[in-house]
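Peer 1: File follows, data25.pdb with PDB, C-alpha atoms, pLDDT in the B column:
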```pdb
ATOM      1  CA  ASN A  21       0.000   0.000   0.000  1.00 76.00           C
ATOM      2  CA  ALA A  22       1.222   3.475  -0.853  1.00 83.00           C
ATOM      3  CA  GLY A  23      -0.887   5.010   1.919  1.00 95.00           C
ATOM      4  CA  VAL A  24      -1.669   8.678   1.305  1.00 98.00           C
ATOM      5  CA  THR A  25       0.038  10.338  -1.649  1.00 98.00           C
ATOM      6  CA  GLN A  26       0.124  14.030  -2.501  1.00 98.00           C
ATOM      7  CA  THR A  27       1.280  15.901  -5.557  1.00 97.00           C
ATOM      8  CA  PRO A  28       3.056  18.144  -6.168  1.00 98.00           C
ATOM      9  CA  LYS A  29       5.597  18.266  -3.338  1.00 97.00           C
ATOM     10  CA  PHE A  30       6.487  21.882  -4.072  1.00 97.00           C
ATOM     11  CA  GLN A  31       4.675  24.617  -5.967  1.00 97.00           C
ATOM     12  CA  VAL A  32       5.199  28.316  -6.571  1.00 98.00           C
ATOM     13  CA  LEU A  33       2.236  30.379  -7.765  1.00 97.00           C
ATOM     14  CA  LYS A  34       1.699  33.983  -8.636  1.00 98.00           C
ATOM     15  CA  THR A  35      -1.113  35.889  -6.963  1.00 98.00           C
ATOM     16  CA  GLY A  36      -4.379  35.222  -8.765  1.00 97.00           C
ATOM     17  CA  GLN A  37      -3.380  31.903 -10.300  1.00 97.00           C
ATOM     18  CA  SER A  38      -5.412  28.788  -9.612  1.00 96.00           C
ATOM     19  CA  MET A  39      -4.250  25.240  -9.080  1.00 96.00           C
ATOM     20  CA  THR A  40      -5.290  21.875  -7.715  1.00 98.00           C
ATOM     21  CA  LEU A  41      -3.449  19.932  -5.047  1.00 98.00           C
ATOM     22  CA  GLN A  42      -3.919  16.226  -5.527  1.00 98.00           C
ATOM     23  CA  CYS A  43      -4.467  13.691  -2.773  1.00 98.00           C
ATOM     24  CA  ALA A  44      -5.101   9.974  -3.078  1.00 98.00           C
ATOM     25  CA  GLN A  45      -5.279   7.063  -0.651  1.00 98.00           C
ATOM     26  CA  ASP A  46      -5.403   3.326  -1.245  1.00 96.00           C
ATOM     27  CA  MET A  47      -6.632   2.199   2.180  1.00 96.00           C
ATOM     28  CA  ASN A  48     -10.352   2.443   1.357  1.00 95.00           C
ATOM     29  CA  HIS A  49     -10.810   5.079   4.051  1.00 96.00           C
ATOM     30  CA  GLU A  50     -14.096   6.928   4.065  1.00 95.00           C
ATOM     31  CA  TYR A  51     -12.888  10.007   5.931  1.00 95.00           C
ATOM     32  CA  MET A  52     -10.450  12.385   4.242  1.00 97.00           C
ATOM     33  CA  SER A  53      -9.368  15.879   5.180  1.00 97.00           C
ATOM     34  CA  TRP A  54      -7.138  18.763   4.200  1.00 98.00           C
ATOM     35  CA  TYR A  55      -5.070  20.754   6.673  1.00 97.00           C
ATOM     36  CA  ARG A  56      -2.783  23.701   6.367  1.00 97.00           C
ATOM     37  CA  GLN A  57       0.208  24.127   8.626  1.00 97.00           C
ATOM     38  CA  ASP A  58       1.700  27.519   9.320  1.00 94.00           C
ATOM     39  CA  PRO A  59       4.554  28.267  11.748  1.00 87.00           C
ATOM     40  CA  GLY A  60       3.281  28.409  15.303  1.00 81.00           C
ATOM     41  CA  MET A  61      -0.304  27.666  14.232  1.00 83.00           C
ATOM     42  CA  GLY A  62      -0.449  23.911  14.328  1.00 88.00           C
ATOM     43  CA  LEU A  63      -2.691  22.103  11.867  1.00 95.00           C
ATOM     44  CA  ARG A  64      -5.907  23.805  10.813  1.00 95.00           C
ATOM     45  CA  LEU A  65      -8.699  21.952   9.059  1.00 95.00           C
ATOM     46  CA  ILE A  66      -9.682  23.370   5.667  1.00 97.00           C
ATOM     47  CA  HIS A  67     -12.257  20.903   4.311  1.00 97.00           C
ATOM     48  CA  TYR A  68     -13.171  17.329   4.989  1.00 96.00           C
ATOM     49  CA  SER A  69     -15.210  14.508   3.522  1.00 96.00           C
ATOM     50  CA  VAL A  70     -16.962  11.591   5.202  1.00 94.00           C
ATOM     51  CA  GLY A  71     -17.387   9.684   1.967  1.00 94.00           C
ATOM     52  CA  ALA A  72     -17.697   9.952  -1.802  1.00 95.00           C
ATOM     53  CA  GLY A  73     -20.023  12.765  -2.786  1.00 95.00           C
ATOM     54  CA  ILE A  74     -19.991  14.376   0.674  1.00 96.00           C
ATOM     55  CA  THR A  75     -17.818  17.323   1.655  1.00 96.00           C
ATOM     56  CA  ASP A  76     -17.965  19.950   4.370  1.00 95.00           C
ATOM     57  CA  GLN A  77     -16.090  22.994   5.581  1.00 95.00           C
ATOM     58  CA  GLY A  78     -13.543  22.986   8.321  1.00 93.00           C
ATOM     59  CA  GLU A  79     -12.045  25.839  10.307  1.00 92.00           C
ATOM     60  CA  VAL A  80     -10.428  27.807   7.430  1.00 95.00           C
ATOM     61  CA  PRO A  81     -12.323  27.023   4.186  1.00 96.00           C
ATOM     62  CA  ASN A  82     -12.252  30.434   2.465  1.00 96.00           C
ATOM     63  CA  GLY A  83     -10.410  30.452  -0.853  1.00 96.00           C
ATOM     64  CA  TYR A  84     -10.499  26.674  -1.241  1.00 98.00           C
ATOM     65  CA  ASN A  85     -12.825  24.186  -2.903  1.00 97.00           C
ATOM     66  CA  VAL A  86     -12.932  20.411  -2.673  1.00 98.00           C
ATOM     67  CA  SER A  87     -14.777  17.557  -4.313  1.00 96.00           C
ATOM     68  CA  ARG A  88     -14.954  13.835  -3.608  1.00 97.00           C
ATOM     69  CA  SER A  89     -16.057  11.898  -6.671  1.00 97.00           C
ATOM     70  CA  THR A  90     -14.362   8.666  -5.569  1.00 97.00           C
ATOM     71  CA  THR A  91     -13.352   7.131  -2.248  1.00 97.00           C
ATOM     72  CA  GLU A  92      -9.686   7.316  -3.251  1.00 97.00           C
ATOM     73  CA  ASP A  93      -9.277  10.922  -4.385  1.00 98.00           C
ATOM     74  CA  PHE A  94      -9.796  14.227  -2.594  1.00 98.00           C
ATOM     75  CA  PRO A  95      -8.361  17.181  -4.558  1.00 98.00           C
ATOM     76  CA  LEU A  96      -8.058  20.667  -3.088  1.00 98.00           C
ATOM     77  CA  ARG A  97      -8.516  23.624  -5.427  1.00 98.00           C
ATOM     78  CA  LEU A  98      -7.156  27.091  -4.858  1.00 97.00           C
ATOM     79  CA  LEU A  99      -9.458  29.394  -6.790  1.00 92.00           C
ATOM     80  CA  SER A 100      -7.347  32.560  -6.910  1.00 97.00           C
ATOM     81  CA  ALA A 101      -4.109  32.199  -4.977  1.00 97.00           C
ATOM     82  CA  ALA A 102      -3.152  34.842  -2.429  1.00 97.00           C
ATOM     83  CA  PRO A 103       0.100  35.293  -0.456  1.00 97.00           C
ATOM     84  CA  SER A 104      -1.844  34.389   2.709  1.00 96.00           C
ATOM     85  CA  GLN A 105      -2.227  30.885   1.275  1.00 97.00           C
ATOM     86  CA  THR A 106       1.512  30.291   1.412  1.00 98.00           C
ATOM     87  CA  SER A 107       1.684  27.254   3.648  1.00 98.00           C
ATOM     88  CA  VAL A 108       2.320  23.546   3.885  1.00 98.00           C
ATOM     89  CA  TYR A 109      -0.760  21.526   2.981  1.00 98.00           C
ATOM     90  CA  PHE A 110      -1.383  18.050   4.339  1.00 98.00           C
ATOM     91  CA  CYS A 111      -4.007  15.599   3.240  1.00 98.00           C
ATOM     92  CA  ALA A 112      -5.067  12.901   5.698  1.00 98.00           C
ATOM     93  CA  SER A 113      -7.353   9.905   5.708  1.00 97.00           C
ATOM     94  CA  SER A 114      -8.821   7.695   8.386  1.00 95.00           C
ATOM     95  CA  ARG A 115     -11.211   4.793   8.626  1.00 91.00           C
ATOM     96  CA  ASP A 116     -13.579   6.222  11.213  1.00 80.00           C
ATOM     97  CA  ARG A 117     -12.173   9.631  12.238  1.00 80.00           C
ATOM     98  CA  GLY A 118      -9.733   7.736  14.422  1.00 86.00           C
ATOM     99  CA  GLU A 119      -6.047   7.412  13.680  1.00 93.00           C
ATOM    100  CA  GLN A 120      -5.248   9.736  10.805  1.00 95.00           C
ATOM    101  CA  TYR A 121      -2.737   8.872   8.108  1.00 97.00           C
ATOM    102  CA  PHE A 122      -1.066  11.944   6.671  1.00 98.00           C
ATOM    103  CA  GLY A 123       0.439  12.407   3.237  1.00 98.00           C
ATOM    104  CA  PRO A 124       3.938  13.864   2.784  1.00 98.00           C
ATOM    105  CA  GLY A 125       2.610  17.383   2.224  1.00 98.00           C
ATOM    106  CA  THR A 126       2.728  20.077  -0.460  1.00 98.00           C
ATOM    107  CA  ARG A 127       4.799  23.191   0.182  1.00 97.00           C
ATOM    108  CA  LEU A 128       3.078  26.078  -1.563  1.00 98.00           C
ATOM    109  CA  THR A 129       4.492  29.555  -2.030  1.00 97.00           C
ATOM    110  CA  VAL A 130       2.363  32.358  -3.457  1.00 97.00           C
ATOM    111  CA  THR A 131       4.255  35.433  -4.623  1.00 97.00           C
TER     112      THR A 131
ATOM    113  CA  GLY B   3     -15.232  27.768  19.395  1.00 55.00           C
ATOM    114  CA  GLN B   4     -13.568  24.701  20.786  1.00 57.00           C
ATOM    115  CA  GLN B   5      -9.885  25.190  21.467  1.00 86.00           C
ATOM    116  CA  VAL B   6      -7.099  22.858  22.388  1.00 93.00           C
ATOM    117  CA  MET B   7      -4.215  24.611  24.094  1.00 95.00           C
ATOM    118  CA  GLN B   8      -0.792  23.028  24.221  1.00 96.00           C
ATOM    119  CA  ILE B   9       2.220  24.072  26.295  1.00 96.00           C
ATOM    120  CA  PRO B  10       5.058  24.701  26.154  1.00 97.00           C
ATOM    121  CA  GLN B  11       5.544  25.895  22.601  1.00 95.00           C
ATOM    122  CA  TYR B  12       9.242  25.024  22.671  1.00 96.00           C
ATOM    123  CA  GLN B  13      11.369  22.822  24.902  1.00 97.00           C
ATOM    124  CA  HIS B  14      15.126  22.454  24.767  1.00 97.00           C
ATOM    125  CA  VAL B  15      16.586  19.606  26.797  1.00 97.00           C
ATOM    126  CA  GLN B  16      19.897  17.888  27.291  1.00 98.00           C
ATOM    127  CA  GLU B  17      19.954  14.304  26.099  1.00 98.00           C
ATOM    128  CA  GLY B  18      18.917  12.094  28.989  1.00 98.00           C
ATOM    129  CA  GLU B  19      16.601  14.654  30.579  1.00 98.00           C
ATOM    130  CA  ASP B  20      12.874  14.122  30.778  1.00 98.00           C
ATOM    131  CA  PHE B  21      10.302  16.045  28.726  1.00 97.00           C
ATOM    132  CA  THR B  22       6.603  16.724  29.200  1.00 98.00           C
ATOM    133  CA  THR B  23       4.058  18.483  27.027  1.00 98.00           C
ATOM    134  CA  TYR B  24       0.562  19.368  28.216  1.00 98.00           C
ATOM    135  CA  CYS B  25      -2.702  19.703  26.398  1.00 98.00           C
ATOM    136  CA  ASN B  26      -5.849  21.407  27.707  1.00 97.00           C
ATOM    137  CA  SER B  27      -9.310  21.710  26.236  1.00 95.00           C
ATOM    138  CA  SER B  28     -12.062  24.160  27.111  1.00 90.00           C
ATOM    139  CA  THR B  29     -14.636  21.377  26.646  1.00 91.00           C
ATOM    140  CA  THR B  30     -14.873  17.690  27.438  1.00 94.00           C
ATOM    141  CA  LEU B  31     -13.310  15.510  24.777  1.00 94.00           C
ATOM    142  CA  SER B  32     -14.474  12.114  23.564  1.00 94.00           C
ATOM    143  CA  ASN B  33     -10.895  11.140  22.897  1.00 94.00           C
ATOM    144  CA  ILE B  34      -7.462  12.619  22.401  1.00 96.00           C
ATOM    145  CA  GLN B  35      -4.754  11.636  19.968  1.00 97.00           C
ATOM    146  CA  TRP B  36      -1.044  12.379  19.914  1.00 98.00           C
ATOM    147  CA  TYR B  37       1.124  12.825  16.830  1.00 98.00           C
ATOM    148  CA  LYS B  38       4.820  13.342  16.208  1.00 98.00           C
ATOM    149  CA  GLN B  39       6.199  15.334  13.316  1.00 97.00           C
ATOM    150  CA  ARG B  40       9.891  15.095  12.527  1.00 97.00           C
ATOM    151  CA  PRO B  41      11.538  18.192  10.983  1.00 94.00           C
ATOM    152  CA  GLY B  42      10.511  18.392   7.339  1.00 93.00           C
ATOM    153  CA  GLY B  43       8.140  15.458   7.715  1.00 96.00           C
ATOM    154  CA  HIS B  44       4.461  14.830   8.189  1.00 97.00           C
ATOM    155  CA  PRO B  45       2.535  14.095  11.396  1.00 98.00           C
ATOM    156  CA  VAL B  46       2.609  10.458  12.443  1.00 98.00           C
ATOM    157  CA  PHE B  47       0.056   8.964  14.797  1.00 97.00           C
ATOM    158  CA  LEU B  48       1.380   7.862  18.181  1.00 98.00           C
ATOM    159  CA  ILE B  49      -1.622   6.932  20.294  1.00 97.00           C
ATOM    160  CA  GLN B  50      -5.274   7.506  21.098  1.00 96.00           C
ATOM    161  CA  LEU B  51      -6.717   7.810  24.609  1.00 97.00           C
ATOM    162  CA  VAL B  52     -10.430   7.324  25.183  1.00 95.00           C
ATOM    163  CA  LYS B  53     -11.156   6.580  28.830  1.00 96.00           C
ATOM    164  CA  SER B  54     -11.178   8.991  31.746  1.00 97.00           C
ATOM    165  CA  GLY B  55      -7.898   8.715  33.677  1.00 97.00           C
ATOM    166  CA  GLU B  56      -6.364   6.440  31.059  1.00 97.00           C
ATOM    167  CA  VAL B  57      -2.595   5.946  31.080  1.00 98.00           C
ATOM    168  CA  LYS B  58      -0.734   4.277  28.235  1.00 98.00           C
ATOM    169  CA  LYS B  59       2.952   3.609  27.769  1.00 98.00           C
ATOM    170  CA  GLN B  60       5.072   3.118  24.691  1.00 97.00           C
ATOM    171  CA  LYS B  61       8.637   2.359  25.740  1.00 97.00           C
ATOM    172  CA  ARG B  62       9.904   5.701  27.138  1.00 98.00           C
ATOM    173  CA  LEU B  63       6.674   7.579  26.308  1.00 98.00           C
ATOM    174  CA  THR B  64       3.813   7.849  28.819  1.00 98.00           C
ATOM    175  CA  PHE B  65       0.467   9.299  27.810  1.00 98.00           C
ATOM    176  CA  GLN B  66      -2.258  10.366  30.237  1.00 98.00           C
ATOM    177  CA  PHE B  67      -5.861  11.452  29.802  1.00 98.00           C
ATOM    178  CA  GLY B  68      -7.320  13.485  32.650  1.00 97.00           C
ATOM    179  CA  GLU B  69     -10.198  12.381  34.827  1.00 96.00           C
ATOM    180  CA  ALA B  70     -12.438  15.105  33.428  1.00 96.00           C
ATOM    181  CA  LYS B  71     -11.333  14.289  29.856  1.00 96.00           C
ATOM    182  CA  LYS B  72     -10.273  17.889  29.324  1.00 96.00           C
ATOM    183  CA  ASN B  73      -6.515  17.541  29.592  1.00 97.00           C
ATOM    184  CA  SER B  74      -3.754  15.218  28.554  1.00 98.00           C
ATOM    185  CA  SER B  75      -0.004  14.926  28.789  1.00 98.00           C
ATOM    186  CA  LEU B  76       2.865  13.217  27.040  1.00 98.00           C
ATOM    187  CA  HIS B  77       5.973  12.448  29.076  1.00 98.00           C
ATOM    188  CA  ILE B  78       9.227  11.217  27.602  1.00 98.00           C
ATOM    189  CA  THR B  79      11.733   9.670  29.988  1.00 98.00           C
ATOM    190  CA  ALA B  80      15.461  10.065  29.280  1.00 98.00           C
ATOM    191  CA  THR B  81      15.177  11.850  25.946  1.00 98.00           C
ATOM    192  CA  GLN B  82      17.285  10.775  22.992  1.00 98.00           C
ATOM    193  CA  THR B  83      18.236  12.692  19.854  1.00 97.00           C
ATOM    194  CA  THR B  84      15.747  10.563  17.944  1.00 97.00           C
ATOM    195  CA  ASP B  85      12.947  12.198  19.978  1.00 98.00           C
ATOM    196  CA  VAL B  86      13.520  15.520  18.215  1.00 98.00           C
ATOM    197  CA  GLY B  87      10.412  16.878  16.516  1.00 97.00           C
ATOM    198  CA  THR B  88       7.096  18.557  17.189  1.00 97.00           C
ATOM    199  CA  TYR B  89       4.498  16.763  19.273  1.00 98.00           C
ATOM    200  CA  PHE B  90       0.849  17.558  18.663  1.00 97.00           C
ATOM    201  CA  CYS B  91      -2.214  16.664  20.640  1.00 97.00           C
ATOM    202  CA  ALA B  92      -5.553  16.528  18.869  1.00 96.00           C
ATOM    203  CA  GLY B  93      -8.881  16.357  20.638  1.00 94.00           C
ATOM    204  CA  LYS B  94     -12.253  15.279  19.405  1.00 89.00           C
ATOM    205  CA  ARG B  95     -15.602  16.332  20.807  1.00 82.00           C
ATOM    206  CA  GLY B  96     -18.297  13.732  20.242  1.00 77.00           C
ATOM    207  CA  SER B  97     -17.986  10.626  18.091  1.00 71.00           C
ATOM    208  CA  GLN B  98     -18.610  12.553  14.874  1.00 75.00           C
ATOM    209  CA  GLY B  99     -16.565  15.636  15.644  1.00 80.00           C
ATOM    210  CA  ASN B 100     -13.461  16.659  13.767  1.00 86.00           C
ATOM    211  CA  LEU B 101     -10.060  16.635  15.385  1.00 90.00           C
ATOM    212  CA  ILE B 102      -8.892  19.944  16.807  1.00 92.00           C
ATOM    213  CA  PHE B 103      -5.118  20.148  16.909  1.00 94.00           C
ATOM    214  CA  GLY B 104      -3.050  21.945  19.475  1.00 95.00           C
ATOM    215  CA  LYS B 105      -0.280  24.189  18.164  1.00 95.00           C
ATOM    216  CA  GLY B 106       2.354  21.654  19.120  1.00 96.00           C
ATOM    217  CA  THR B 107       5.450  21.511  21.282  1.00 97.00           C
ATOM    218  CA  LYS B 108       8.734  21.602  19.443  1.00 97.00           C
ATOM    219  CA  LEU B 109      11.343  19.483  21.197  1.00 98.00           C
ATOM    220  CA  SER B 110      15.044  19.874  20.603  1.00 98.00           C
ATOM    221  CA  VAL B 111      17.582  17.577  22.240  1.00 97.00           C
ATOM    222  CA  LYS B 112      21.189  18.553  22.756  1.00 95.00           C
ATOM    223  CA  PRO B 113      23.563  15.568  22.656  1.00 93.00           C
TER     224      PRO B 113
END
```
Just give me the structure as structure tokens.
Peer 2:
Amino acid sequence: NAGVTQTPKFQVLKTGQSMTLQCAQDMNHEYMSWYRQDPGMGLRLIHYSVGAGITDQGEVPNGYNVSRSTTEDFPLRLLSAAPSQTSVYFCASSRDRGEQYFGPGTRLTVT
Amino acid sequence: GQQVMQIPQYQHVQEGEDFTTYCNSSTTLSNIQWYKQRPGGHPVFLIQLVKSGEVKKQKRLTFQFGEAKKNSSLHITATQTTDVGTYFCAGKRGSQGNLIFGKGTKLSVKP
């Protein structure tokens, strides 16, 4: 099993550009989530999904969209990148909101 | 909203010294999880505590969940350089609630 995979590992965007961060898991987990990690701020929940076709907002959802068309994939879309979205983004999955398995992360810089 | 406070933010110790990080919630938690993140890495699950007053041990690590299920601690005995990283607690309110992460305690160990 590959676990949770994320692409790309690094990305630099200009203000106003859009992009999609990819996340996939091969553990058949129903629950998936996106977090952002900023220095001194811990992990903050952006969006989450409890299963295919179901998504909901977390603590900091503004500027981001998600969709969950399959159990395996949970992409995160930045609609119009802003410097405040410079961060490290982690995708995670879990079977029943228990132990979370994190991907390796995407380091995003918005200039 | 629900907050999970974690102290200290940083801890510098000499190898062989003990280390403790504390986690406090403003509300009763259904369970609490602990994660470790190595520098440049992603969070990795360590343990989950569910019962009031629960104590669990993993080699040199001791985890406690308070009687009121509002606080928790992680204690490392005789730290080693391999313990370096940031330790996060994450609390959940209710069986269907999302995890709320503390801001983490960054541990450095001087050999």
Peer 1: Would you translate the ChimeraX specification (/A :<8) & /B into the concrete set of residues it matches in this file, as a ChimeraX atom specification?
Peer 2: /B:35,43-47,49-50,90,98,100-106
Peer 1: Near Gly36 in chain A, within 9 Å and counting all atoms listed in the file, which residues show up once chain neighbours fewer than 5 positions away are dropped, as a PyMOL selection string?
Peer 2: chain A and resi 99-102
Peer 1: Evaluate the PyMOL selection byres ((chain B and resi 73-75) around 8) and record the selected residues as a ChimeraX atom specification, following the chain and residue labels used in the document.
Peer 2: /B:22-27,34,65-68,70-72,76-77
Peer 1: So the first atom is CA of Pro28 in chain A and the second is CA of Lys38 in chain B; what is the distance between them in Å, to one decimal place?
Peer 2: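 It comes out at 23.0 Å.
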Peer 1: The PyMOL selection byres ((chain B and resi 10) around 8) - which residues does that actually catch in the file I just gave you? List them as JSON, numbers by chain.
Peer 2: {"B": [8, 9, 11, 12, 13, 23, 24, 107]}
Peer 1: So which one's closest to Val86 in chain B, B:Ser32, B:Gly42, B:Glu56, B:Gln5? Using all atoms listed in the file, please.
Peer 2: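 Closest candidate: B:Gly42.
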Peer 1: For Leu33 in chain A, please output as a list in words all residues within 8 Å (counting all atoms listed in the file; exclusion window: fewer than 5 positions along the same chain).
Peer 2: Ala101, Leu128, Thr129, Val130 and Thr131 of chain A
Peer 1: I want to know what sits within 6 Å of range 23-26 of chain A, based on only C-alpha atoms, with residues of the same chain fewer than 2 positions away left out; could you give that as a list in words?
Peer 2: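 What passes the distance filter is Asn21, Gln42, Cys43, Ala44, Gln45, Asp46 and Gly123 of chain A.
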Peer 1: Rounded to one decimal place, report the CA of Lys34 in chain A-CA of Asp76 in chain A distance in Å.
Peer 2: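 Interatomic distance, CA of Lys34 in chain A to CA of Asp76 in chain A: 27.4 Å.
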Peer 1: In Å to one decimal, how far is CA of Thr88 in chain B from CA of His14 in chain B?
Peer 2: 11.7 Å
Peer 1: Around all the atoms of range 63-69 of chain A listed in the file, draw an axis-aligned box and extend it by 4 Å on each of the six sides; I want its centre and edge lengths in Å to one decimal, as lines of an AutoDock Vina configuration file.
Peer 2:
```
center_x = -9.0
center_y = 19.2
center_z = 7.7
size_x = 20.5
size_y = 17.3
size_z = 16.3
```
Peer 1: Within 8 Å of (-8.7, 27.1, 0.8), in the coordinates the file gives, what residues turn up when you count all atoms listed in the file, written out as a PyMOL selection string?
Peer 2: chain A and resi 66-67+80-85+96-99+105
Peer 1: Those residues you just picked out, can you put them in a file as a PDB file, in the frame of the given file with C-alpha atoms?
Peer 2:
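result-v9.pdb written:
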```
ATOM      1  CA  ILE A  66      -9.682  23.370   5.667  1.00 97.00           C
ATOM      2  CA  HIS A  67     -12.257  20.903   4.311  1.00 97.00           C
ATOM      3  CA  VAL A  80     -10.428  27.807   7.430  1.00 95.00           C
ATOM      4  CA  PRO A  81     -12.323  27.023   4.186  1.00 96.00           C
ATOM      5  CA  ASN A  82     -12.252  30.434   2.465  1.00 96.00           C
ATOM      6  CA  GLY A  83     -10.410  30.452  -0.853  1.00 96.00           C
ATOM      7  CA  TYR A  84     -10.499  26.674  -1.241  1.00 98.00           C
ATOM      8  CA  ASN A  85     -12.825  24.186  -2.903  1.00 97.00           C
ATOM      9  CA  LEU A  96      -8.058  20.667  -3.088  1.00 98.00           C
ATOM     10  CA  ARG A  97      -8.516  23.624  -5.427  1.00 98.00           C
ATOM     11  CA  LEU A  98      -7.156  27.091  -4.858  1.00 97.00           C
ATOM     12  CA  LEU A  99      -9.458  29.394  -6.790  1.00 92.00           C
ATOM     13  CA  GLN A 105      -2.227  30.885   1.275  1.00 97.00           C
TER      14      GLN A 105
END
```
Peer 1: Pick out the closest residue to Gly18 in chain B from this set: B:Leu109, B:Thr83, B:Gly96, B:Cys91. Count only C-alpha atoms.
Peer 2: B:Thr83
Peer 1: Nearest residue to Ser87 in chain A out of A:Ser114, A:Thr35, A:Asn48, A:Thr40, using only C-alpha atoms?
Peer 2: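 Counting only C-alpha atoms, the residue closest to Ser87 in chain A is A:Thr40.
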